[in-house]
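Peer 1: My questions all concern the structure below.
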Amino acid sequence: MGRREKPPREHSGPCALSVEGLVAGYGKAVIVNAVDIHVDAGDFVALLGPNGAGKSTVLKAVAGLVVPSGGSVRLHGEEMAAEPPEKLVAAGLSYVPQLRDVFLGMTVLDNLKLGGYLLRRRQRALRIDEMLEIFPPLRDKLGDKAAQLSGGQQRMLGVARALMNGPRVLLLDEPTAGLSPKLAGELMEHLVSINRLGIDLLMVEQNAEAALAACNRVYVLANGSTEFEGSADQLRAHSGMSQIYLG
């Protein structure tokens with residue numbers, strides 16, 4: 001890939017999530033090495049790269065599901081590297097995995113209630129109403145089991161469940177995977193709306209064009225390291241990067 005391309009970064013606000021020199025993997029296998037990512041207040045950031053680049057590993061390390069072997073993960077200035085997931089959730093971070101993001105045998109309502117397990121009953125009820133405002137297709141499905149939902153509705157439920165505890169930073173791992181272009185576009189519109197509500201997003205996504213249309217900044221990961229940082233327009237204008245990732 002060559003030398004890392006890093007144009008001057010424009011801060012939209014205070015840093016919400018800072019990942020510096022992250023080293024992580026599984027067992028003795030190092031998957032990501034010296035990864036730097038910043039999500040500022042108001043950001044919708046996409047993390048792109050080829051399969052096997054380590055994108056999902058980065059998210060899992062940030063979410064506390066993989067223990068980093070080096071580097072720093074700060075959430076609103078507080079060091080969180082190697083902290084358990086429950087502490088990260090309590091500190092305002094939620095994670096939506098690519099698969100198994102809902103409990104298929106439970107109803108939509110019970111999935112949402114479970115997502116708000118930290119809330120008091122009244123707070124939880126109010127939060128469920130807010131989720132149904134964001135995701136109207138779920139309103140008439142509250143009594144249905146998640147397994148009965150369409151793929152797009154399941155993905156909406158997964159995001160809504162992750163939002164129940166009112167996170168300030170939301171991590172998403174390939175949210176449009178397996179969705180039709182129409183449903184993928186609709187989900188991206190929902191994510192943009194969520195970002196406008198004041199929730200900062202870091203998203204791994206294979207659909208580069210859909211990601212660039214929604215996000216305000218982008219990172220490219222390759223061979224376990226950060227190779228590019230900039231705006232969507234800067235990525236499109238970069239001949240080498242755009243040819244590889246946008247075709």
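Here, A, B, ... name the chains of the structure tokens in the order displayed, residue numbers run from 1 inside each chain, and ligands are numbered from 1 in the same displayed order.
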With only C-alpha atoms as the counted atoms, please give the residues lying no more than 9 Å from A:Gly52, apart from itself and same-chain residues fewer than 4 positions off, as a PyMOL selection string.
Peer 2: chain A and resi 31+56+222-224
Peer 1: Write a file of the selected residues as a PDB file, in the first residue's frame, keeping N, CA and C atoms.
Peer 2:
```pdb
ATOM      1  N   ILE A  31      -3.266  -9.456  14.660  1.00  0.00           N
ATOM      2  CA  ILE A  31      -4.106  -9.116  13.508  1.00  0.00           C
ATOM      3  C   ILE A  31      -3.987  -7.647  13.151  1.00  0.00           C
ATOM      4  N   SER A  56     -12.803  -5.819  11.865  1.00  0.00           N
ATOM      5  CA  SER A  56     -13.666  -6.320  12.939  1.00  0.00           C
ATOM      6  C   SER A  56     -12.888  -6.504  14.235  1.00  0.00           C
ATOM      7  N   ALA A 222      -5.283  -1.719   6.077  1.00  0.00           N
ATOM      8  CA  ALA A 222      -4.714  -2.761   5.214  1.00  0.00           C
ATOM      9  C   ALA A 222      -3.531  -3.381   5.940  1.00  0.00           C
ATOM     10  N   ASN A 223      -3.460  -4.703   5.846  1.00  0.00           N
ATOM     11  CA  ASN A 223      -2.363  -5.427   6.501  1.00  0.00           C
ATOM     12  C   ASN A 223      -2.243  -5.086   7.978  1.00  0.00           C
ATOM     13  N   GLY A 224      -3.397  -4.847   8.609  1.00  0.00           N
ATOM     14  CA  GLY A 224      -3.417  -4.612  10.039  1.00  0.00           C
ATOM     15  C   GLY A 224      -3.030  -3.227  10.488  1.00  0.00           C
TER      16      GLY A 224
END
```
Peer 1: Write out, as JSON lines, each residue of stretch 123-209 of chain A that has an atom at most 8 Å from stretch 86-106 of chain A, together with the closest pair of atoms and their distance in Å to one decimal, counting only C-alpha atoms, rows going by chain and rising number.
Peer 2:
```
{"residue": "A:Lys145", "atom": "CA", "partner": "A:Met106", "partner_atom": "CA", "distance": 5.2}
{"residue": "A:Ala146", "atom": "CA", "partner": "A:Leu104", "partner_atom": "CA", "distance": 4.6}
{"residue": "A:Ala147", "atom": "CA", "partner": "A:Leu104", "partner_atom": "CA", "distance": 4.5}
{"residue": "A:Gln154", "atom": "CA", "partner": "A:Val102", "partner_atom": "CA", "distance": 7.0}
{"residue": "A:Arg155", "atom": "CA", "partner": "A:Asp101", "partner_atom": "CA", "distance": 7.5}
{"residue": "A:Leu157", "atom": "CA", "partner": "A:Val102", "partner_atom": "CA", "distance": 7.0}
{"residue": "A:Gly158", "atom": "CA", "partner": "A:Asp101", "partner_atom": "CA", "distance": 5.0}
{"residue": "A:Val159", "atom": "CA", "partner": "A:Val96", "partner_atom": "CA", "distance": 6.4}
{"residue": "A:Arg161", "atom": "CA", "partner": "A:Val102", "partner_atom": "CA", "distance": 7.9}
{"residue": "A:Ala162", "atom": "CA", "partner": "A:Ser94", "partner_atom": "CA", "distance": 5.7}
{"residue": "A:Leu163", "atom": "CA", "partner": "A:Ser94", "partner_atom": "CA", "distance": 7.1}
{"residue": "A:Asn165", "atom": "CA", "partner": "A:Gly92", "partner_atom": "CA", "distance": 7.9}
{"residue": "A:Gly166", "atom": "CA", "partner": "A:Gly92", "partner_atom": "CA", "distance": 7.0}
{"residue": "A:Pro167", "atom": "CA", "partner": "A:Gly92", "partner_atom": "CA", "distance": 4.3}
{"residue": "A:Arg168", "atom": "CA", "partner": "A:Gly92", "partner_atom": "CA", "distance": 5.1}
{"residue": "A:Val169", "atom": "CA", "partner": "A:Leu93", "partner_atom": "CA", "distance": 4.9}
{"residue": "A:Leu170", "atom": "CA", "partner": "A:Ser94", "partner_atom": "CA", "distance": 5.0}
{"residue": "A:Leu171", "atom": "CA", "partner": "A:Tyr95", "partner_atom": "CA", "distance": 4.6}
{"residue": "A:Leu172", "atom": "CA", "partner": "A:Val96", "partner_atom": "CA", "distance": 4.8}
{"residue": "A:Asp173", "atom": "CA", "partner": "A:Gln98", "partner_atom": "CA", "distance": 4.9}
{"residue": "A:Glu174", "atom": "CA", "partner": "A:Gln98", "partner_atom": "CA", "distance": 5.5}
{"residue": "A:Pro175", "atom": "CA", "partner": "A:Gln98", "partner_atom": "CA", "distance": 6.2}
{"residue": "A:Ala177", "atom": "CA", "partner": "A:Gln98", "partner_atom": "CA", "distance": 7.3}
```
Peer 1: Once you have the residues from the selection above, write them out as a JSON list (two decimals), in the first residue's frame, restricted to C-alpha atoms.
Peer 2:
```
[["chain", "number", "residue", "atom", "x", "y", "z"],
["A", 145, "LYS", "CA", -40.25, -13.05, 17.53],
["A", 146, "ALA", "CA", -37.14, -11.60, 15.98],
["A", 147, "ALA", "CA", -36.84, -14.69, 13.78],
["A", 154, "GLN", "CA", -33.62, -7.62, 12.22],
["A", 155, "ARG", "CA", -30.78, -5.22, 11.55],
["A", 157, "LEU", "CA", -33.75, -4.21, 15.88],
["A", 158, "GLY", "CA", -30.08, -4.95, 16.49],
["A", 159, "VAL", "CA", -29.23, -1.25, 16.26],
["A", 161, "ARG", "CA", -31.27, -2.77, 21.06],
["A", 162, "ALA", "CA", -27.75, -1.34, 21.15],
["A", 163, "LEU", "CA", -29.18, 2.18, 21.53],
["A", 165, "ASN", "CA", -28.95, 2.28, 27.13],
["A", 166, "GLY", "CA", -28.35, 5.66, 25.52],
["A", 167, "PRO", "CA", -24.77, 5.27, 24.31],
["A", 168, "ARG", "CA", -22.71, 8.25, 23.24],
["A", 169, "VAL", "CA", -20.59, 6.15, 20.86],
["A", 170, "LEU", "CA", -21.95, 3.34, 18.70],
["A", 171, "LEU", "CA", -19.80, 0.72, 16.95],
["A", 172, "LEU", "CA", -21.28, -1.16, 13.99],
["A", 173, "ASP", "CA", -19.74, -4.15, 12.20],
["A", 174, "GLU", "CA", -20.94, -4.35, 8.57],
["A", 175, "PRO", "CA", -24.55, -3.34, 9.27],
["A", 177, "ALA", "CA", -24.20, -7.26, 5.18]]
```
Peer 1: List every residue of stretch 65-246 of chain A that DSSP, applied to the backbone of this structure, places in alpha helix (DSSP H), and write the result as an MDAnalysis selection string.
Peer 2: chainID A and resid 85:90 108:115 121:134 151:163 181:196 208:214 232:237 239:246
Peer 1: By how many Å are atom CA of A:Asn195 and atom CA of A:Ala41 apart?
Peer 2: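 Taking atom CA of A:Asn195 and atom CA of A:Ala41, their separation equals 9.9 Å.
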Peer 1: From the DSSP assignment of the backbone, select every residue of stretch 7-138 of chain A that is strand (DSSP E), and format the answer as a PyMOL selection string.
Peer 2: chain A and resi 15-26+29-40+44-48+70-75+78-79+93-96
Peer 1: From the options A:Asp36, A:Asp110, A:Asp200, A:Glu79, which residue's atoms come nearest to A:Met164, counting only C-alpha atoms?
Peer 2: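 Using only C-alpha atoms, the shortest distance to A:Met164 belongs to A:Asp110.
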Peer 1: May I have the residues within 8 Å of A:Ala213 as a list in words, using only C-alpha atoms and disregarding those fewer than 3 positions away in the same chain?
Peer 2: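 In the requested form, the answer reads Glu209, Ala210 and Ala232 of chain A.
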Peer 1: Quick one: distance from atom CA of A:Leu201 to atom CA of A:Val39 in Å, one decimal?
Peer 2: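 Straight-line distance from atom CA of A:Leu201 to atom CA of A:Val39 works out to 7.6 Å.
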